[in-house]
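Data block for my_file21.cif (mmCIF, C-alpha atoms and all ligand atoms):
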```
data_data
#
loop_
_atom_site.group_PDB
_atom_site.id
_atom_site.type_symbol
_atom_site.label_atom_id
_atom_site.label_comp_id
_atom_site.auth_asym_id
_atom_site.auth_seq_id
_atom_site.Cartn_x
_atom_site.Cartn_y
_atom_site.Cartn_z
ATOM 1 C CA ALA C 1 -18.316 -44.989 -21.436
ATOM 2 C CA LYS C 2 -20.528 -44.169 -18.509
ATOM 3 C CA LYS C 3 -18.076 -45.780 -16.133
ATOM 4 C CA ALA C 4 -15.091 -43.819 -17.456
ATOM 5 C CA GLY C 5 -17.041 -40.591 -17.240
ATOM 6 C CA ARG C 6 -17.866 -41.185 -13.649
ATOM 7 C CA GLY C 7 -14.253 -42.002 -12.885
ATOM 8 C CA GLN C 8 -13.118 -38.806 -14.518
ATOM 9 C CA SER C 9 -15.534 -36.602 -12.674
ATOM 10 C CA ARG C 10 -14.427 -38.193 -9.431
ATOM 11 C CA PHE C 11 -10.840 -37.364 -10.375
ATOM 12 C CA PHE C 12 -11.724 -33.738 -11.069
ATOM 13 C CA SER C 13 -13.771 -33.338 -7.949
ATOM 14 C CA ASN C 14 -10.840 -34.720 -5.958
ATOM 15 C CA GLU C 15 -8.562 -32.139 -7.455
ATOM 16 C CA ILE C 16 -11.072 -29.387 -6.754
ATOM 17 C CA ASN C 17 -11.345 -30.696 -3.213
ATOM 18 C CA VAL C 18 -7.606 -30.513 -2.720
ATOM 19 C CA ARG C 19 -7.540 -26.910 -3.952
ATOM 20 C CA ALA C 20 -10.518 -25.955 -1.826
ATOM 21 C CA GLN C 21 -8.852 -27.550 1.184
ATOM 22 C CA GLU C 22 -5.609 -25.702 0.521
ATOM 23 C CA ARG C 23 -7.484 -22.452 0.278
ATOM 24 C CA LEU C 24 -9.413 -23.119 3.420
ATOM 25 C CA MET C 25 -6.185 -23.927 5.221
ATOM 26 C CA PHE C 26 -4.583 -20.705 3.992
ATOM 27 C CA GLU C 27 -7.696 -18.774 4.938
ATOM 28 C CA ASN C 28 -7.703 -20.232 8.443
ATOM 29 C CA ALA C 29 -4.003 -19.482 8.748
ATOM 30 C CA LEU C 30 -4.666 -15.841 7.884
ATOM 31 C CA ARG C 31 -7.519 -15.674 10.368
ATOM 32 C CA ASP C 32 -5.139 -17.123 12.970
ATOM 33 C CA ALA C 33 -2.440 -14.658 12.024
ATOM 34 C CA LEU C 34 -4.813 -11.751 12.616
ATOM 35 C CA GLN C 35 -5.778 -13.189 15.989
ATOM 36 C CA HIS C 36 -2.306 -14.168 17.126
ATOM 37 C CA ASN C 37 -0.263 -11.169 16.074
ATOM 38 C CA GLN C 38 1.641 -12.837 13.248
ATOM 39 C CA LEU C 39 1.149 -9.773 11.075
ATOM 40 C CA HIS C 40 3.594 -6.900 11.258
ATOM 41 C CA LEU C 41 4.088 -3.599 9.572
ATOM 42 C CA HIS C 42 7.311 -2.522 7.955
ATOM 43 C CA TYR C 43 7.923 1.143 7.224
ATOM 44 C CA GLN C 44 9.638 2.658 4.211
ATOM 45 C CA PRO C 45 10.856 6.264 4.268
ATOM 46 C CA GLN C 46 9.850 8.838 1.664
ATOM 47 C CA MET C 47 12.700 11.273 1.049
ATOM 48 C CA GLY C 48 12.994 14.855 -0.121
ATOM 49 C CA LEU C 49 15.138 14.433 -3.254
ATOM 50 C CA SER C 50 17.129 17.655 -2.968
ATOM 51 C CA THR C 51 17.205 17.948 0.825
ATOM 52 C CA GLY C 52 17.413 14.354 2.031
ATOM 53 C CA ASP C 53 14.688 15.217 4.564
ATOM 54 C CA LEU C 54 12.247 12.566 5.710
ATOM 55 C CA HIS C 55 8.788 13.406 4.340
ATOM 56 C CA GLY C 56 6.940 10.462 5.796
ATOM 57 C CA VAL C 57 6.811 6.673 5.876
ATOM 58 C CA GLU C 58 4.644 4.109 4.089
ATOM 59 C CA ALA C 59 3.373 1.199 6.187
ATOM 60 C CA LEU C 60 3.542 -2.184 4.400
ATOM 61 C CA ALA C 61 1.996 -5.348 5.815
ATOM 62 C CA ARG C 62 4.121 -8.445 6.508
ATOM 63 C CA TRP C 63 3.029 -11.968 7.446
ATOM 64 C CA ASN C 64 5.540 -14.236 9.078
ATOM 65 C CA HIS C 65 3.947 -17.663 9.335
ATOM 66 C CA PRO C 66 5.568 -20.001 11.913
ATOM 67 C CA ALA C 67 5.786 -22.904 9.412
ATOM 68 C CA MET C 68 5.415 -21.382 5.937
ATOM 69 C CA GLY C 69 7.753 -18.451 6.657
ATOM 70 C CA GLU C 70 7.426 -14.980 5.176
ATOM 71 C CA ILE C 71 4.349 -14.693 2.926
ATOM 72 C CA PRO C 72 4.353 -11.623 0.638
ATOM 73 C CA PRO C 73 1.435 -9.142 0.666
ATOM 74 C CA ALA C 74 0.949 -9.735 -3.064
ATOM 75 C CA ARG C 75 -0.288 -13.193 -1.964
ATOM 76 C CA PHE C 76 -2.161 -12.582 1.254
ATOM 77 C CA ILE C 77 -3.870 -9.262 0.438
ATOM 78 C CA PRO C 78 -5.821 -10.769 -2.488
ATOM 79 C CA LEU C 79 -6.651 -13.759 -0.283
ATOM 80 C CA ALA C 80 -7.930 -11.458 2.455
ATOM 81 C CA GLU C 81 -10.067 -9.677 -0.153
ATOM 82 C CA GLU C 82 -11.518 -12.948 -1.447
ATOM 83 C CA CYS C 83 -12.375 -14.458 1.890
ATOM 84 C CA GLY C 84 -13.808 -11.356 3.497
ATOM 85 C CA LEU C 85 -10.958 -10.702 5.925
ATOM 86 C CA ILE C 86 -9.769 -7.477 4.320
ATOM 87 C CA ASN C 87 -11.814 -5.148 6.509
ATOM 88 C CA GLU C 88 -10.437 -6.790 9.615
ATOM 89 C CA LEU C 89 -6.911 -6.701 8.193
ATOM 90 C CA SER C 90 -7.160 -3.026 7.240
ATOM 91 C CA ARG C 91 -8.602 -2.152 10.639
ATOM 92 C CA TRP C 92 -5.547 -3.746 12.164
ATOM 93 C CA VAL C 93 -3.227 -1.911 9.749
ATOM 94 C CA LEU C 94 -4.807 1.458 10.568
ATOM 95 C CA HIS C 95 -4.645 0.841 14.321
ATOM 96 C CA GLU C 96 -1.084 -0.440 14.237
ATOM 97 C CA ALA C 97 0.255 2.291 11.922
ATOM 98 C CA CYS C 98 -1.330 5.066 13.991
ATOM 99 C CA ARG C 99 -0.237 3.491 17.271
ATOM 100 C CA GLN C 100 3.328 3.329 15.934
ATOM 101 C CA LEU C 101 3.288 6.933 14.699
ATOM 102 C CA ALA C 102 2.018 8.113 18.103
ATOM 103 C CA SER C 103 4.709 6.068 19.812
ATOM 104 C CA TRP C 104 7.432 7.594 17.597
ATOM 105 C CA ARG C 105 6.123 11.079 18.371
ATOM 106 C CA ALA C 106 6.018 10.301 22.110
ATOM 107 C CA THR C 107 9.673 9.253 22.080
ATOM 108 C CA GLY C 108 10.819 12.240 20.048
ATOM 109 C CA VAL C 109 11.333 10.458 16.727
ATOM 110 C CA PRO C 110 10.294 13.046 14.117
ATOM 111 C CA ILE C 111 8.092 11.174 11.611
ATOM 112 C CA PRO C 112 6.021 13.767 9.705
ATOM 113 C CA CYS C 113 3.201 11.455 8.586
ATOM 114 C CA ILE C 114 2.271 7.872 7.803
ATOM 115 C CA ALA C 115 0.782 6.375 4.614
ATOM 116 C CA VAL C 116 -1.290 3.188 4.636
ATOM 117 C CA ASN C 117 -2.581 1.101 1.727
ATOM 118 C CA LEU C 118 -6.265 0.292 1.552
ATOM 119 C CA SER C 119 -8.142 -2.079 -0.768
ATOM 120 C CA VAL C 120 -11.277 -1.491 -2.797
ATOM 121 C CA SER C 121 -13.485 -3.522 -0.456
ATOM 122 C CA ASN C 122 -12.472 -1.184 2.341
ATOM 123 C CA PHE C 123 -14.116 1.692 0.496
ATOM 124 C CA GLN C 124 -17.344 -0.280 0.270
ATOM 125 C CA ASP C 125 -17.522 -0.183 4.058
ATOM 126 C CA VAL C 126 -19.602 2.830 5.107
ATOM 127 C CA HIS C 127 -17.997 2.664 8.554
ATOM 128 C CA LEU C 128 -14.486 3.299 7.223
ATOM 129 C CA PRO C 129 -14.519 7.123 7.648
ATOM 130 C CA SER C 130 -15.685 6.930 11.271
ATOM 131 C CA LEU C 131 -13.173 4.157 11.960
ATOM 132 C CA ILE C 132 -10.374 6.359 10.623
ATOM 133 C CA ALA C 133 -11.576 9.312 12.705
ATOM 134 C CA HIS C 134 -11.703 7.107 15.793
ATOM 135 C CA VAL C 135 -8.242 5.597 15.250
ATOM 136 C CA LEU C 136 -6.687 9.041 14.761
ATOM 137 C CA GLU C 137 -8.371 10.506 17.807
ATOM 138 C CA SER C 138 -7.627 7.596 20.111
ATOM 139 C CA ASN C 139 -3.951 7.924 19.218
ATOM 140 C CA GLY C 140 -3.887 11.690 19.631
ATOM 141 C CA LEU C 141 -3.169 12.228 15.934
ATOM 142 C CA LEU C 142 -4.500 14.794 13.462
ATOM 143 C CA PRO C 143 -6.053 14.027 10.057
ATOM 144 C CA LYS C 144 -2.993 15.472 8.327
ATOM 145 C CA ASP C 145 -0.836 12.802 9.985
ATOM 146 C CA LEU C 146 -2.409 10.078 7.823
ATOM 147 C CA ILE C 147 -2.319 9.442 4.090
ATOM 148 C CA VAL C 148 -4.470 6.765 2.484
ATOM 149 C CA GLU C 149 -2.987 5.212 -0.655
ATOM 150 C CA LEU C 150 -5.431 3.773 -3.150
ATOM 151 C CA THR C 151 -4.728 1.930 -6.372
ATOM 152 C CA GLU C 152 -6.789 3.073 -9.313
ATOM 153 C CA SER C 153 -7.355 -0.436 -10.649
ATOM 154 C CA MET C 154 -9.302 -1.145 -7.514
ATOM 155 C CA LEU C 155 -11.927 1.468 -8.308
ATOM 156 C CA LEU C 156 -12.801 0.088 -11.716
ATOM 157 C CA ASP C 157 -15.908 -1.657 -10.522
ATOM 158 C CA ASN C 158 -17.482 1.730 -9.856
ATOM 159 C CA THR C 159 -19.460 0.386 -6.952
ATOM 160 C CA PRO C 160 -21.981 2.929 -5.677
ATOM 161 C CA GLY C 161 -21.072 4.066 -2.211
ATOM 162 C CA VAL C 162 -17.310 3.983 -2.834
ATOM 163 C CA MET C 163 -17.335 7.602 -3.950
ATOM 164 C CA GLN C 164 -19.202 8.732 -0.822
ATOM 165 C CA VAL C 165 -16.747 6.916 1.427
ATOM 166 C CA ILE C 166 -13.794 8.493 -0.380
ATOM 167 C CA GLU C 167 -15.381 11.931 -0.088
ATOM 168 C CA ALA C 168 -16.096 11.407 3.608
ATOM 169 C CA ILE C 169 -12.437 10.504 4.212
ATOM 170 C CA ASP C 170 -11.380 13.637 2.349
ATOM 171 C CA ALA C 171 -13.848 15.671 4.422
ATOM 172 C CA LEU C 172 -12.085 14.457 7.591
ATOM 173 C CA GLY C 173 -8.930 16.123 6.298
ATOM 174 C CA VAL C 174 -7.123 12.831 5.663
ATOM 175 C CA ARG C 175 -5.142 12.983 2.429
ATOM 176 C CA LEU C 176 -5.683 10.487 -0.375
ATOM 177 C CA SER C 177 -2.921 9.496 -2.757
ATOM 178 C CA LEU C 178 -3.281 7.579 -6.053
ATOM 179 C CA ASP C 179 -0.856 4.659 -5.999
ATOM 180 C CA ASP C 180 0.858 3.124 -9.063
ATOM 181 C CA PHE C 181 -0.015 6.227 -11.058
ATOM 182 C CA GLY C 182 0.258 5.921 -14.819
ATOM 183 C CA THR C 183 -0.329 2.172 -15.059
ATOM 184 C CA GLY C 184 -4.134 2.009 -15.227
ATOM 185 C CA TYR C 185 -5.992 3.273 -18.242
ATOM 186 C CA SER C 186 -8.063 5.760 -16.285
ATOM 187 C CA SER C 187 -5.393 7.545 -14.231
ATOM 188 C CA LEU C 188 -6.310 10.934 -15.644
ATOM 189 C CA SER C 189 -10.046 10.576 -15.208
ATOM 190 C CA TYR C 190 -9.517 9.559 -11.563
ATOM 191 C CA LEU C 191 -7.588 12.773 -10.988
ATOM 192 C CA ARG C 192 -10.707 14.661 -12.032
ATOM 193 C CA ARG C 193 -13.234 12.540 -10.192
ATOM 194 C CA LEU C 194 -11.519 11.810 -6.889
ATOM 195 C CA PRO C 195 -10.548 14.310 -4.187
ATOM 196 C CA VAL C 196 -6.912 13.164 -4.216
ATOM 197 C CA SER C 197 -4.101 15.303 -2.894
ATOM 198 C CA GLY C 198 -1.222 13.204 -4.148
ATOM 199 C CA LEU C 199 -0.007 10.678 -6.683
ATOM 200 C CA LYS C 200 2.771 8.116 -6.774
ATOM 201 C CA LEU C 201 4.607 7.673 -10.050
ATOM 202 C CA ASP C 202 4.637 3.929 -10.654
ATOM 203 C CA ARG C 203 7.920 2.063 -10.284
ATOM 204 C CA SER C 204 7.725 0.848 -13.904
ATOM 205 C CA PHE C 205 8.552 4.401 -15.101
ATOM 206 C CA VAL C 206 11.447 4.753 -12.664
ATOM 207 C CA VAL C 207 12.970 1.402 -13.679
ATOM 208 C CA ASP C 208 13.247 2.611 -17.297
ATOM 209 C CA LEU C 209 14.418 6.189 -16.646
ATOM 210 C CA GLU C 210 18.075 5.560 -17.455
ATOM 211 C CA HIS C 211 17.596 3.922 -20.823
ATOM 212 C CA ASP C 212 14.225 5.009 -22.106
ATOM 213 C CA GLU C 213 13.503 8.552 -23.248
ATOM 214 C CA ALA C 214 9.788 7.875 -23.320
ATOM 215 C CA ALA C 215 9.865 6.930 -19.622
ATOM 216 C CA GLN C 216 11.638 10.245 -18.897
ATOM 217 C CA ALA C 217 9.202 12.274 -20.980
ATOM 218 C CA LEU C 218 6.199 10.605 -19.345
ATOM 219 C CA SER C 219 7.638 10.997 -15.841
ATOM 220 C CA SER C 220 8.171 14.666 -16.572
ATOM 221 C CA ALA C 221 4.646 15.093 -17.963
ATOM 222 C CA ILE C 222 3.130 13.309 -14.950
ATOM 223 C CA LEU C 223 5.018 15.643 -12.616
ATOM 224 C CA GLU C 224 3.670 18.645 -14.544
ATOM 225 C CA ILE C 225 0.119 17.326 -14.269
ATOM 226 C CA GLY C 226 0.601 16.786 -10.549
ATOM 227 C CA ARG C 227 2.023 20.261 -10.066
ATOM 228 C CA SER C 228 -0.703 21.979 -12.013
ATOM 229 C CA LEU C 229 -3.262 20.266 -9.772
ATOM 230 C CA HIS C 230 -1.242 21.129 -6.625
ATOM 231 C CA LEU C 231 -0.684 17.475 -5.770
ATOM 232 C CA HIS C 232 2.084 15.915 -3.707
ATOM 233 C CA VAL C 233 4.052 13.787 -6.155
ATOM 234 C CA VAL C 234 6.198 10.850 -5.032
ATOM 235 C CA ALA C 235 8.379 8.680 -7.293
ATOM 236 C CA GLU C 236 8.374 4.998 -6.273
ATOM 237 C CA GLY C 237 10.963 2.256 -6.521
ATOM 238 C CA VAL C 238 14.170 4.299 -6.795
ATOM 239 C CA GLU C 239 17.057 1.827 -6.717
ATOM 240 C CA THR C 240 20.063 3.539 -8.325
ATOM 241 C CA PRO C 241 21.887 6.872 -7.958
ATOM 242 C CA ALA C 242 21.324 7.459 -11.698
ATOM 243 C CA GLN C 243 17.545 7.206 -11.238
ATOM 244 C CA HIS C 244 17.813 9.554 -8.257
ATOM 245 C CA HIS C 245 19.704 12.145 -10.326
ATOM 246 C CA ILE C 246 17.309 11.995 -13.256
ATOM 247 C CA LEU C 247 14.298 12.453 -10.947
ATOM 248 C CA LEU C 248 16.063 15.359 -9.239
ATOM 249 C CA GLU C 249 16.705 16.999 -12.606
ATOM 250 C CA LEU C 250 13.128 16.443 -13.692
ATOM 251 C CA GLY C 251 12.132 18.325 -10.533
ATOM 252 C CA TYR C 252 10.625 15.469 -8.503
ATOM 253 C CA PRO C 253 10.286 16.633 -4.890
ATOM 254 C CA VAL C 254 9.972 13.279 -3.076
ATOM 255 C CA ALA C 255 11.013 9.684 -3.729
ATOM 256 C CA GLN C 256 10.901 6.282 -2.133
ATOM 257 C CA GLY C 257 12.954 3.173 -2.864
ATOM 258 C CA TYR C 258 15.652 0.693 -1.900
ATOM 259 C CA LEU C 259 18.317 3.330 -2.689
ATOM 260 C CA TYR C 260 17.318 5.194 0.477
ATOM 261 C CA SER C 261 15.980 2.290 2.508
ATOM 262 C CA PRO C 262 13.918 -0.882 2.127
ATOM 263 C CA PRO C 263 10.786 -1.157 4.249
ATOM 264 C CA LEU C 264 12.036 -1.734 7.831
ATOM 265 C CA PRO C 265 10.615 -2.993 11.128
ATOM 266 C CA ALA C 266 9.706 -0.071 13.413
ATOM 267 C CA ASP C 267 12.800 -0.313 15.627
ATOM 268 C CA GLN C 268 15.137 -0.374 12.631
ATOM 269 C CA LEU C 269 13.331 2.576 11.070
ATOM 270 C CA THR C 270 13.915 4.433 14.354
ATOM 271 C CA SER C 271 17.667 3.767 14.157
ATOM 272 C CA TRP C 272 17.675 4.716 10.483
ATOM 273 C CA VAL C 273 16.028 8.075 11.257
ATOM 274 C CA GLN C 274 18.357 8.727 14.164
ATOM 275 C CA SER C 275 21.528 7.888 12.248
ATOM 276 C CA SER C 276 20.481 9.914 9.182
ATOM 277 C CA LYS C 277 19.998 12.984 11.395
ATOM 278 C CA GLU C 278 23.634 12.924 12.481
HETATM 279 P P1 LIG U 1 2.700 -0.786 -3.222
HETATM 280 O O1 LIG U 1 1.731 -0.082 -2.333
HETATM 281 O O2 LIG U 1 2.894 -0.246 -4.588
HETATM 282 O O3 LIG U 1 4.055 -0.817 -2.392
HETATM 283 C C1 LIG U 1 5.346 -0.728 -2.956
HETATM 284 C C2 LIG U 1 6.013 -2.079 -3.046
HETATM 285 O O4 LIG U 1 7.290 -1.939 -3.662
HETATM 286 C C3 LIG U 1 6.281 -2.728 -1.695
HETATM 287 O O5 LIG U 1 6.211 -4.140 -1.887
HETATM 288 C C4 LIG U 1 7.732 -2.303 -1.422
HETATM 289 O O6 LIG U 1 8.389 -3.170 -0.518
HETATM 290 C C5 LIG U 1 8.317 -2.396 -2.801
HETATM 291 N N1 LIG U 1 9.466 -1.513 -3.000
HETATM 292 C C6 LIG U 1 9.814 -0.403 -2.316
HETATM 293 N N2 LIG U 1 10.935 0.159 -2.833
HETATM 294 C C7 LIG U 1 11.314 -0.623 -3.865
HETATM 295 C C8 LIG U 1 12.408 -0.581 -4.792
HETATM 296 O O7 LIG U 1 13.257 0.312 -4.774
HETATM 297 N N3 LIG U 1 12.444 -1.579 -5.726
HETATM 298 C C9 LIG U 1 11.521 -2.568 -5.790
HETATM 299 N N4 LIG U 1 11.646 -3.509 -6.712
HETATM 300 N N5 LIG U 1 10.469 -2.642 -4.917
HETATM 301 C C10 LIG U 1 10.375 -1.675 -3.977
HETATM 302 P P2 LIG U 1 5.444 -5.065 -0.847
HETATM 303 O O8 LIG U 1 5.689 -4.601 0.551
HETATM 304 O O9 LIG U 1 5.771 -6.481 -1.195
HETATM 305 O O10 LIG U 1 3.925 -4.778 -1.166
HETATM 306 C C11 LIG U 1 3.359 -5.131 -2.399
HETATM 307 C C12 LIG U 1 1.971 -4.568 -2.538
HETATM 308 O O11 LIG U 1 1.090 -5.186 -1.587
HETATM 309 C C13 LIG U 1 1.878 -3.068 -2.238
HETATM 310 O O12 LIG U 1 2.280 -2.343 -3.384
HETATM 311 C C14 LIG U 1 0.418 -2.925 -1.905
HETATM 312 O O13 LIG U 1 -0.359 -2.813 -3.069
HETATM 313 C C15 LIG U 1 0.108 -4.244 -1.219
HETATM 314 N N6 LIG U 1 0.142 -4.038 0.244
HETATM 315 C C16 LIG U 1 1.183 -4.057 1.095
HETATM 316 N N7 LIG U 1 0.781 -3.817 2.362
HETATM 317 C C17 LIG U 1 -0.554 -3.631 2.312
HETATM 318 C C18 LIG U 1 -1.573 -3.335 3.290
HETATM 319 O O14 LIG U 1 -1.321 -3.152 4.491
HETATM 320 N N8 LIG U 1 -2.870 -3.231 2.837
HETATM 321 C C19 LIG U 1 -3.188 -3.374 1.509
HETATM 322 N N9 LIG U 1 -4.470 -3.259 1.140
HETATM 323 N N10 LIG U 1 -2.255 -3.626 0.559
HETATM 324 C C20 LIG U 1 -0.956 -3.765 0.963
HETATM 325 CA CA CA U 2 1.413 1.987 -1.743
HETATM 326 CA CA CA U 3 2.827 1.646 -5.691
HETATM 327 CA CA CA U 4 1.347 -1.708 -6.366
#
```
Translate this file's structure into structure tokens.
Amino acid sequence: AKKAGRGQSRFFSNEINVRAQERLMFENALRDALQHNQLHLHYQPQMGLSTGDLHGVEALARWNHPAMGEIPPARFIPLAEECGLINELSRWVLHEACRQLASWRATGVPIPCIAVNLSVSNFQDVHLPSLIAHVLESNGLLPKDLIVELTESMLLDNTPGVMQVIEAIDALGVRLSLDDFGTGYSSLSYLRRLPVSGLKLDRSFVVDLEHDEAAQALSSAILEIGRSLHLHVVAEGVETPAQHHILLELGYPVAQGYLYSPPLPADQLTSWVQSSKE
């Protein structure tokens, strides 16, 4: 029996080894990607629902690995969080997004503002507010040019220090927006506790708008809450004209989704803006 037991544990430790090696490989690949410019940002427009005006763009990270191909952020963002690369990644995102906005402005492309996504570990970094201030200033941008999107689920751990960092970002004049609003159980309490100036109605409500009265009623109630708190409200994930019309009737001011445009590389977003002005 002893023999078999030993054999089994060797089998398990081999399997654990293989997983650990895979992870290490992936981790090294991400580190490489950060060093060798394999990460890119795509930009998705946010549209005025009644006017068709461009309200801003959201920057979304992309990783094109030379051998593994396109790796989605839903895979590499959690990895970056686990292996301690998320601060470096977010620094890059902030620099790149602000550099791109400044470059659009310099070439006369009218992009009103840019939204970036940050992760919970970023808010544990006491240097984040000064980094943001530095990145804005070095690109000749103002605090109102940047919006930081945060997901409520990421704040659940209630780490001390996070609140101070969020308040310091707000004090800079950079706007904070609650992402995926309505999906976490504490959405409403976050609206009270955090200095947010916007919320994004989660895509799961928009998907059901056409066929589900409850989704309509909740979307309408969320808009009312947002309005009564003077928040900028954006509906996410609009894919069909029917969803667009329902949101318009409910009074939603701004929306984002494949119906208007998928997230695009910077040069394609430029063409999209220029052709939609004509
Ligand atoms: P998110 O912030 O909620 O971003 C919206 C996601 O929905 C994006 O997926 C976007 O491409 C997708 N989307 C946009 N319009 C539509 C639509 O009409 N229909 C559908 N089905 N999807 C739509 P993506 O780019 O794969 O990003 C997934 C998530 O990864 C993001 O969710 C965000 O939480 C995270 N993420 C992306 N980039 C970054 C980043 O730079 N930093 C951090 N921390 N997280 C990021
Ligand atoms: Ca987002
Ligand atoms: Ca979202
Ligand atoms: Ca999300």
Margin query: Evaluated on this file, the PyMOL selection byres (((not hetatm)) within 6 of (chain U and resi 3)) picks out some residues - which ones are they, written as JSON, numbers by chain?
Written below: {"C": [179, 180, 202]}
Using the selection just defined, write its residues with C-alpha atoms as a compact mmCIF listing (two decimals), in the frame of the given file.
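Saved file out.txt follows:
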```txt
# COMPACT_ATOMS: atom_id res chain seq x y z
CA ASP C 179 -0.86 4.66 -6.00
CA ASP C 180 0.86 3.12 -9.06
CA ASP C 202 4.64 3.93 -10.65
```
Notebook entry, point to check: Evaluating the PyMOL selection byres (((chain C and resi 119) around 8) and not hetatm) on the displayed file yields which residues, as a ChimeraX atom specification?
Noted result: /C:81,86,117-118,120-123,150-151,154
Note to self: Taking only C-alpha atoms and all ligand atoms into account, list the residues no farther than 7 Å from ligand LIG 1 (chain U), as a list in words.
What the structure shows: Ala59, Leu60, Ala61, Pro72, Pro73, Ala74, Ile77, Ser90, Val93, Val116, Asn117, Leu118, Ser119, Asp179, Asp180, Glu236, Gly237, Val238, Glu239, Gln256, Gly257, Tyr258, Leu259, Pro262 and Pro263 of chain C
Per-residue nearest contacts of segment 175-276 of chain C to segment 29-42 of chain C (12 Å; all atoms listed in the file) as CSV:
```
residue,atom,partner,partner_atom,distance
C:Ser261,CA,C:His42,CA,11.3
C:Pro262,CA,C:His42,CA,9.0
C:Pro263,CA,C:His42,CA,5.3
C:Leu264,CA,C:His42,CA,4.8
C:Pro265,CA,C:His42,CA,4.6
C:Ala266,CA,C:His42,CA,6.4
C:Asp267,CA,C:His42,CA,9.7
C:Gln268,CA,C:His42,CA,9.4
C:Leu269,CA,C:His42,CA,8.5
C:Thr270,CA,C:His42,CA,11.5
```
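Between atom CA of Ser189 of chain C and atom CA of Tyr252 of chain C the separation is 22.3 Å.
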Can you spell out as a short mmCIF file (atom, residue, chain, number, x, y, z; two decimals) with C-alpha atoms, in the coordinates of the input the set of residues that the PyMOL selection byres (((chain C and resi 177) around 9) and not hetatm) selects in the structure I just provided?
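Result went into result_30.cif, see below:
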```cif
data_model
loop_
_atom_site.label_atom_id
_atom_site.label_comp_id
_atom_site.auth_asym_id
_atom_site.auth_seq_id
_atom_site.Cartn_x
_atom_site.Cartn_y
_atom_site.Cartn_z
CA ALA C 115 0.78 6.38 4.61
CA ILE C 147 -2.32 9.44 4.09
CA VAL C 148 -4.47 6.76 2.48
CA GLU C 149 -2.99 5.21 -0.66
CA LEU C 150 -5.43 3.77 -3.15
CA THR C 151 -4.73 1.93 -6.37
CA ARG C 175 -5.14 12.98 2.43
CA LEU C 176 -5.68 10.49 -0.38
CA LEU C 178 -3.28 7.58 -6.05
CA ASP C 179 -0.86 4.66 -6.00
CA VAL C 196 -6.91 13.16 -4.22
CA SER C 197 -4.10 15.30 -2.89
CA GLY C 198 -1.22 13.20 -4.15
CA LEU C 199 -0.01 10.68 -6.68
CA LYS C 200 2.77 8.12 -6.77
CA LEU C 231 -0.68 17.48 -5.77
CA HIS C 232 2.08 15.92 -3.71
CA VAL C 233 4.05 13.79 -6.16
#
```
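Closest approach to Asn87 of chain C among C:Val18, C:Ala235, C:Leu128, C:Leu248 is made by C:Leu128 (distances from only C-alpha atoms).
Comparing the minimum interatomic distances between Met163 of chain C and each of C:Leu194, C:Ala214, C:Met47, C:Ala20, counting only C-alpha atoms, we find that C:Leu194 sits nearest.
Counting all atoms listed in the file and comparing C:Val206, C:Val273, C:Leu191, C:Leu136, the residue that lies closest to Val57 of chain C is C:Val273.
Taking atom CA of Arg192 of chain C and atom CA of Leu229 of chain C as the two end points, the separation is 9.6 Å.
The closest residue to Lys277 of chain C, picked from C:Leu54, C:Arg203, C:Glu27, C:Phe181 and counting only C-alpha atoms, is C:Leu54.
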Check: What does the distance from atom CA of Leu24 of chain C to atom CA of ligand CA 4 (chain U) come to in Å, to one decimal?
Finding: 25.9 Å
